[in-house]
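Structure first, then comments.
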Amino acid sequence: MCVRGLEDAQEACLATQTPDVIVQFQSQTHAYRCVLLHQSGAFFPEGCGVEAEEVGPRTDHAGPCLVLLKGVTLPRADFEAWLRDSVMEWAVMRVYWIKQRCADRQELVRQLLAQGPPDGALRLHCFPHKLEPWLGDALPLDWVLQPAAFTHVLDVVETAAGVAYSMSPCPRLFRTTAWTRPRLEGPLCKATSKLAEALAWVKHAPRGGVAIDLGASPGGWSTLLASSMHHVISIDPADMAPEALALPNLTHIKSRVETALPQIEAALAAAGAGGGADLLVSDMNKHPSAMIGMVEPLLAYLKPGGHLLLTLKFFSRSRDKAWDPTNCPQLAGFRGVQVVWLLANTAHERTCVAIKC
Ligand SMILES: C[S@@+](CC[C@H](N)C(=O)[O-])C[C@H]1O[C@@H](n2cnc3c(N)ncnc32)[C@H](O)[C@@H]1O
């Protein structure tokens, strides 16, 4: 085969090969949790990679904060649109698309020069960030570099293993200030990302029935639940925010959980939920041993098929937690019992998810 033929074959291969995607987070533990989410199969749609792994070198708490998604078949625009609407969006800093690899940045420049400049303005999009000015200086002046109005993106990720990159037509990056929403939009929204992510995790979360929210003040979770459930029963001795109290489908029982059983029963009956609640959630911030004890008397009020979502508070920051929910006698009548580390959980928190048999 002549040299041109070889080049054509390589170009055709590059054009058709399935790219990898590298997602950059703000912390190594977020990268780890992204891998757990991917392994769960819970909310990454088809085409988001056959495997996810943390890029090293790393320890449990420090590293490049990168996750490699191998073999992403969703087109870039579709993948990034999904990510933008997903519960992971706030935790993601940058998304790099990878089709080629080489030994180091000098080899990268050689390969780019051999390829030639793109047919339009190019945005350099590099990890680490400081590679961008280095690369900008290394490329000849006929490469039109434009950080804002560009038609092509050069994604580059340089790690101890070498350089991974791709150059492709792309008018918009995943992260631009134009659309970035703040994660916290008000006191009621502060805690809701945890519940939103937990509901995304369970995938077929109940809608339209009755939810019981233990430790509900000031009302972020209850407000979110009220938007999809027929009725929400919120239990907390503390006040609820006025906007939560104003919701027509929310009942506040101003009491500790331990003394609220008769009122909960009455509220369930008033909401027409004689058969029990569809969802029992709690964000009371208790250690599992305390939480399970407090929730136990209420498990009888959850319907078969009803979901249990509990925030658990631990004392250590380690990745692995000693508490095993599958050995918890109170949860013997539940299936799909898992303790997950949501992106929205703190280092000390986990979320227990279970479905009543
Ligand atoms: C982290 S806050 C919950 C925030 C809430 N999920 C939200 O979205 O607004 C924890 C709440 O648990 C409540 N709490 C703690 N112990 C409780 C108990 N024994 N019974 C009822 N509520 C309790 C506290 O009063 C506090 O308001």
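By order in the structure tokens, chains are A, B, ...; within a chain, residues start at 1; ligands start at 1, following the order shown.
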Selection: 6 Å around stretch 267-282 of chain A, only C-alpha atoms, excl. self and same-chain fewer than 5 positions, as a compact mmCIF listing (two decimals) with all heavy atoms, in the first residue's frame:
```
# COMPACT_ATOMS: atom_id res chain seq x y z
N GLY A 209 -48.09 8.46 44.45
CA GLY A 209 -48.63 7.91 45.69
C GLY A 209 -48.36 8.83 46.86
O GLY A 209 -48.32 10.05 46.72
N VAL A 210 -48.14 8.21 48.03
CA VAL A 210 -47.89 9.00 49.24
C VAL A 210 -46.46 8.76 49.72
O VAL A 210 -45.96 7.63 49.69
CB VAL A 210 -48.91 8.61 50.34
CG1 VAL A 210 -48.55 9.27 51.67
CG2 VAL A 210 -50.31 9.04 49.91
N ALA A 211 -45.80 9.85 50.12
CA ALA A 211 -44.44 9.76 50.65
C ALA A 211 -44.42 10.22 52.10
O ALA A 211 -45.13 11.17 52.46
CB ALA A 211 -43.50 10.62 49.81
N ILE A 212 -43.61 9.55 52.91
CA ILE A 212 -43.38 9.99 54.29
C ILE A 212 -41.93 10.46 54.37
O ILE A 212 -41.01 9.74 53.96
CB ILE A 212 -43.61 8.82 55.29
CG1 ILE A 212 -45.04 8.29 55.17
CG2 ILE A 212 -43.32 9.28 56.71
CD1 ILE A 212 -45.31 7.05 56.04
N ASP A 213 -41.73 11.68 54.87
CA ASP A 213 -40.39 12.28 54.95
C ASP A 213 -40.06 12.51 56.43
O ASP A 213 -40.65 13.38 57.08
CB ASP A 213 -40.39 13.60 54.16
CG ASP A 213 -39.03 14.27 54.12
OD1 ASP A 213 -38.06 13.69 54.65
OD2 ASP A 213 -38.94 15.38 53.56
N LEU A 214 -39.13 11.71 56.96
CA LEU A 214 -38.78 11.81 58.38
C LEU A 214 -37.61 12.76 58.56
O LEU A 214 -36.56 12.56 57.96
CB LEU A 214 -38.38 10.42 58.91
CG LEU A 214 -39.37 9.28 58.65
CD1 LEU A 214 -38.79 7.96 59.13
CD2 LEU A 214 -40.69 9.56 59.35
N TYR A 301 -45.64 0.75 57.63
CA TYR A 301 -46.52 1.66 56.88
C TYR A 301 -46.10 1.81 55.42
O TYR A 301 -46.65 2.63 54.70
CB TYR A 301 -46.56 3.04 57.56
CG TYR A 301 -47.15 2.98 58.94
CD1 TYR A 301 -46.34 3.05 60.05
CD2 TYR A 301 -48.52 2.82 59.11
CE1 TYR A 301 -46.87 2.98 61.33
CE2 TYR A 301 -49.07 2.74 60.39
CZ TYR A 301 -48.24 2.82 61.49
OH TYR A 301 -48.78 2.73 62.74
N LEU A 302 -45.09 1.05 55.02
CA LEU A 302 -44.64 1.10 53.62
C LEU A 302 -45.31 -0.06 52.87
O LEU A 302 -45.30 -1.20 53.32
CB LEU A 302 -43.11 0.95 53.59
CG LEU A 302 -42.35 1.36 52.34
CD1 LEU A 302 -42.64 2.80 51.93
CD2 LEU A 302 -40.84 1.18 52.58
N LYS A 303 -45.87 0.25 51.72
CA LYS A 303 -46.53 -0.78 50.88
C LYS A 303 -45.53 -1.79 50.34
O LYS A 303 -44.37 -1.40 50.11
CB LYS A 303 -47.10 -0.09 49.63
CG LYS A 303 -48.45 0.46 49.70
CD LYS A 303 -48.75 0.97 48.28
CE LYS A 303 -50.02 1.73 48.22
NZ LYS A 303 -50.11 2.49 46.97
N GLY A 306 -42.90 -0.57 47.91
CA GLY A 306 -42.55 0.79 48.31
C GLY A 306 -41.05 0.93 48.51
O GLY A 306 -40.36 -0.03 48.84
N HIS A 307 -40.54 2.14 48.28
CA HIS A 307 -39.09 2.37 48.35
C HIS A 307 -38.71 3.06 49.65
O HIS A 307 -39.40 3.95 50.13
CB HIS A 307 -38.63 3.25 47.18
CG HIS A 307 -38.58 2.52 45.88
ND1 HIS A 307 -39.70 2.01 45.27
CD2 HIS A 307 -37.53 2.21 45.08
CE1 HIS A 307 -39.35 1.42 44.14
NE2 HIS A 307 -38.03 1.53 43.99
N LEU A 308 -37.55 2.63 50.17
CA LEU A 308 -36.98 3.23 51.38
C LEU A 308 -35.67 3.92 50.98
O LEU A 308 -34.81 3.31 50.34
CB LEU A 308 -36.69 2.10 52.38
CG LEU A 308 -36.05 2.46 53.72
CD1 LEU A 308 -37.04 3.25 54.57
CD2 LEU A 308 -35.62 1.19 54.45
N LEU A 309 -35.53 5.20 51.33
CA LEU A 309 -34.30 5.94 51.01
C LEU A 309 -33.84 6.64 52.28
O LEU A 309 -34.55 7.50 52.80
CB LEU A 309 -34.56 7.01 49.93
CG LEU A 309 -35.07 6.56 48.57
CD1 LEU A 309 -35.37 7.77 47.69
CD2 LEU A 309 -34.03 5.69 47.89
N LEU A 310 -32.66 6.28 52.78
CA LEU A 310 -32.18 6.84 54.05
C LEU A 310 -30.78 7.42 53.89
O LEU A 310 -29.88 6.73 53.38
CB LEU A 310 -32.11 5.74 55.12
CG LEU A 310 -33.36 4.89 55.36
CD1 LEU A 310 -33.03 3.74 56.31
CD2 LEU A 310 -34.47 5.76 55.94
```
Enumerate as a tab-separated table (two decimals) with N, CA, C and O atoms, in the first residue's frame the residues within 9 Å of ligand 1, counting only C-alpha atoms and all ligand atoms.
```
chain	number	residue	atom	x	y	z
A	187	PRO	N	-32.32	27.95	50.14
A	187	PRO	CA	-32.23	27.03	51.27
A	187	PRO	C	-33.02	25.74	51.06
A	187	PRO	O	-32.60	24.68	51.48
A	188	LEU	N	-34.17	25.82	50.38
A	188	LEU	CA	-34.95	24.60	50.19
A	188	LEU	C	-34.31	23.67	49.17
A	188	LEU	O	-34.56	22.47	49.17
A	189	CYS	N	-33.50	24.24	48.29
A	189	CYS	CA	-32.88	23.40	47.26
A	189	CYS	C	-31.59	22.77	47.75
A	189	CYS	O	-31.05	21.87	47.12
A	190	LYS	N	-31.09	23.28	48.89
A	190	LYS	CA	-29.77	22.89	49.36
A	190	LYS	C	-29.61	21.37	49.44
A	190	LYS	O	-28.61	20.83	49.00
A	191	ALA	N	-30.61	20.69	50.00
A	191	ALA	CA	-30.46	19.26	50.22
A	191	ALA	C	-31.07	18.42	49.11
A	191	ALA	O	-30.94	17.20	49.11
A	192	THR	N	-31.75	19.06	48.15
A	192	THR	CA	-32.56	18.25	47.24
A	192	THR	C	-31.74	17.45	46.24
A	192	THR	O	-32.21	16.45	45.72
A	194	LYS	N	-29.38	15.50	46.78
A	194	LYS	CA	-29.20	14.14	47.31
A	194	LYS	C	-30.42	13.28	46.98
A	194	LYS	O	-30.30	12.16	46.50
A	195	LEU	N	-31.61	13.84	47.25
A	195	LEU	CA	-32.82	13.07	47.00
A	195	LEU	C	-33.02	12.86	45.49
A	195	LEU	O	-33.38	11.76	45.06
A	213	ASP	N	-41.73	11.68	54.87
A	213	ASP	CA	-40.39	12.28	54.95
A	213	ASP	C	-40.06	12.51	56.43
A	213	ASP	O	-40.65	13.38	57.08
A	214	LEU	N	-39.13	11.71	56.96
A	214	LEU	CA	-38.78	11.81	58.38
A	214	LEU	C	-37.61	12.76	58.56
A	214	LEU	O	-36.56	12.56	57.96
A	215	GLY	N	-37.77	13.77	59.40
A	215	GLY	CA	-36.72	14.78	59.57
A	215	GLY	C	-36.75	15.71	58.37
A	215	GLY	O	-35.77	15.82	57.63
A	216	ALA	N	-37.90	16.36	58.16
A	216	ALA	CA	-38.17	17.01	56.87
A	216	ALA	C	-37.82	18.49	56.83
A	216	ALA	O	-37.76	19.08	55.75
A	217	SER	N	-37.59	19.12	58.00
A	217	SER	CA	-37.38	20.57	58.02
A	217	SER	C	-36.01	20.92	57.42
A	217	SER	O	-35.05	20.18	57.63
A	218	PRO	N	-35.86	22.02	56.67
A	218	PRO	CA	-36.88	23.04	56.37
A	218	PRO	C	-37.82	22.66	55.23
A	218	PRO	O	-38.78	23.38	54.97
A	219	GLY	N	-37.55	21.56	54.51
A	219	GLY	CA	-38.56	21.14	53.55
A	219	GLY	C	-38.10	20.94	52.12
A	219	GLY	O	-38.92	20.82	51.22
A	220	GLY	N	-36.78	20.90	51.90
A	220	GLY	CA	-36.28	20.71	50.53
A	220	GLY	C	-36.74	19.39	49.93
A	220	GLY	O	-37.32	19.34	48.84
A	221	TRP	N	-36.51	18.30	50.67
A	221	TRP	CA	-36.90	16.98	50.16
A	221	TRP	C	-38.42	16.92	49.98
A	221	TRP	O	-38.92	16.44	48.96
A	222	SER	N	-39.14	17.41	50.99
A	222	SER	CA	-40.61	17.33	50.92
A	222	SER	C	-41.14	18.11	49.72
A	222	SER	O	-42.08	17.68	49.05
A	223	THR	N	-40.52	19.26	49.44
A	223	THR	CA	-40.97	20.06	48.30
A	223	THR	C	-40.73	19.32	46.99
A	223	THR	O	-41.59	19.29	46.10
A	224	LEU	N	-39.56	18.69	46.89
A	224	LEU	CA	-39.28	17.92	45.67
A	224	LEU	C	-40.27	16.76	45.55
A	224	LEU	O	-40.82	16.50	44.47
A	235	ILE	N	-42.43	14.92	58.71
A	235	ILE	CA	-42.35	14.85	60.18
A	235	ILE	C	-41.06	15.52	60.64
A	235	ILE	O	-39.97	15.15	60.18
A	236	ASP	N	-41.19	16.50	61.50
A	236	ASP	CA	-40.02	17.16	62.08
A	236	ASP	C	-40.49	18.08	63.20
A	236	ASP	O	-41.47	18.82	63.01
A	237	PRO	N	-39.81	18.08	64.36
A	237	PRO	CA	-40.21	19.02	65.41
A	237	PRO	C	-39.86	20.46	65.04
A	237	PRO	O	-40.43	21.40	65.60
A	238	ALA	N	-38.95	20.63	64.09
A	238	ALA	CA	-38.57	21.98	63.68
A	238	ALA	C	-39.56	22.52	62.65
A	238	ALA	O	-40.30	21.76	62.02
A	239	ASP	N	-39.54	23.85	62.49
A	239	ASP	CA	-40.47	24.49	61.55
A	239	ASP	C	-40.12	24.13	60.11
A	239	ASP	O	-38.95	23.96	59.76
A	240	MET	N	-41.16	24.09	59.30
A	240	MET	CA	-40.95	23.95	57.85
A	240	MET	C	-40.92	25.36	57.26
A	240	MET	O	-41.52	26.29	57.81
A	241	ALA	N	-40.24	25.52	56.14
A	241	ALA	CA	-40.21	26.82	55.46
A	241	ALA	C	-41.63	27.16	54.99
A	241	ALA	O	-42.39	26.25	54.61
A	254	LYS	N	-45.62	18.20	63.38
A	254	LYS	CA	-44.54	18.89	64.11
A	254	LYS	C	-44.22	18.09	65.37
A	254	LYS	O	-44.69	18.39	66.47
A	255	SER	N	-43.43	17.05	65.17
A	255	SER	CA	-43.18	16.12	66.27
A	255	SER	C	-41.91	15.33	65.95
A	255	SER	O	-41.49	15.26	64.80
A	256	ARG	N	-41.33	14.73	66.98
A	256	ARG	CA	-40.25	13.79	66.73
A	256	ARG	C	-40.84	12.51	66.15
A	256	ARG	O	-41.99	12.16	66.46
A	257	VAL	N	-40.06	11.81	65.35
A	257	VAL	CA	-40.53	10.56	64.73
A	257	VAL	C	-41.03	9.59	65.79
A	257	VAL	O	-42.07	8.94	65.63
A	258	GLU	N	-40.29	9.52	66.90
A	258	GLU	CA	-40.57	8.51	67.93
A	258	GLU	C	-41.97	8.65	68.52
A	258	GLU	O	-42.54	7.68	69.02
A	259	THR	N	-42.54	9.86	68.46
A	259	THR	CA	-43.86	10.07	69.09
A	259	THR	C	-44.94	10.39	68.05
A	259	THR	O	-46.04	10.80	68.40
A	260	ALA	N	-44.62	10.20	66.77
A	260	ALA	CA	-45.54	10.67	65.73
A	260	ALA	C	-46.42	9.58	65.12
A	260	ALA	O	-47.22	9.86	64.23
A	281	VAL	N	-38.73	8.20	53.25
A	281	VAL	CA	-37.38	8.77	53.11
A	281	VAL	C	-36.98	9.43	54.41
A	281	VAL	O	-37.84	9.87	55.19
A	282	SER	N	-35.68	9.49	54.65
A	282	SER	CA	-35.20	10.21	55.82
A	282	SER	C	-33.80	10.75	55.61
A	282	SER	O	-32.92	10.05	55.13
A	283	ASP	N	-33.65	12.00	56.00
A	283	ASP	CA	-32.38	12.70	55.89
A	283	ASP	C	-32.00	13.21	57.29
A	283	ASP	O	-31.47	14.30	57.44
A	284	MET	N	-32.31	12.38	58.32
A	284	MET	CA	-32.12	12.85	59.70
A	284	MET	C	-30.66	12.88	60.11
A	284	MET	O	-30.34	13.33	61.21
A	285	ASN	N	-29.78	12.39	59.23
A	285	ASN	CA	-28.35	12.48	59.53
A	285	ASN	C	-27.96	11.68	60.76
A	285	ASN	O	-27.33	12.20	61.67
A	286	LYS	N	-28.35	10.42	60.79
A	286	LYS	CA	-28.03	9.56	61.94
A	286	LYS	C	-27.12	8.43	61.49
A	286	LYS	O	-27.15	8.01	60.33
A	294	MET	N	-34.85	4.06	64.58
A	294	MET	CA	-35.91	5.08	64.53
A	294	MET	C	-36.92	4.79	63.42
A	294	MET	O	-38.11	5.08	63.55
```
A:Gly120 surroundings by only C-alpha atoms, 12 Å radius, close-in-sequence under 4 positions cut, as a count of residues only:
17
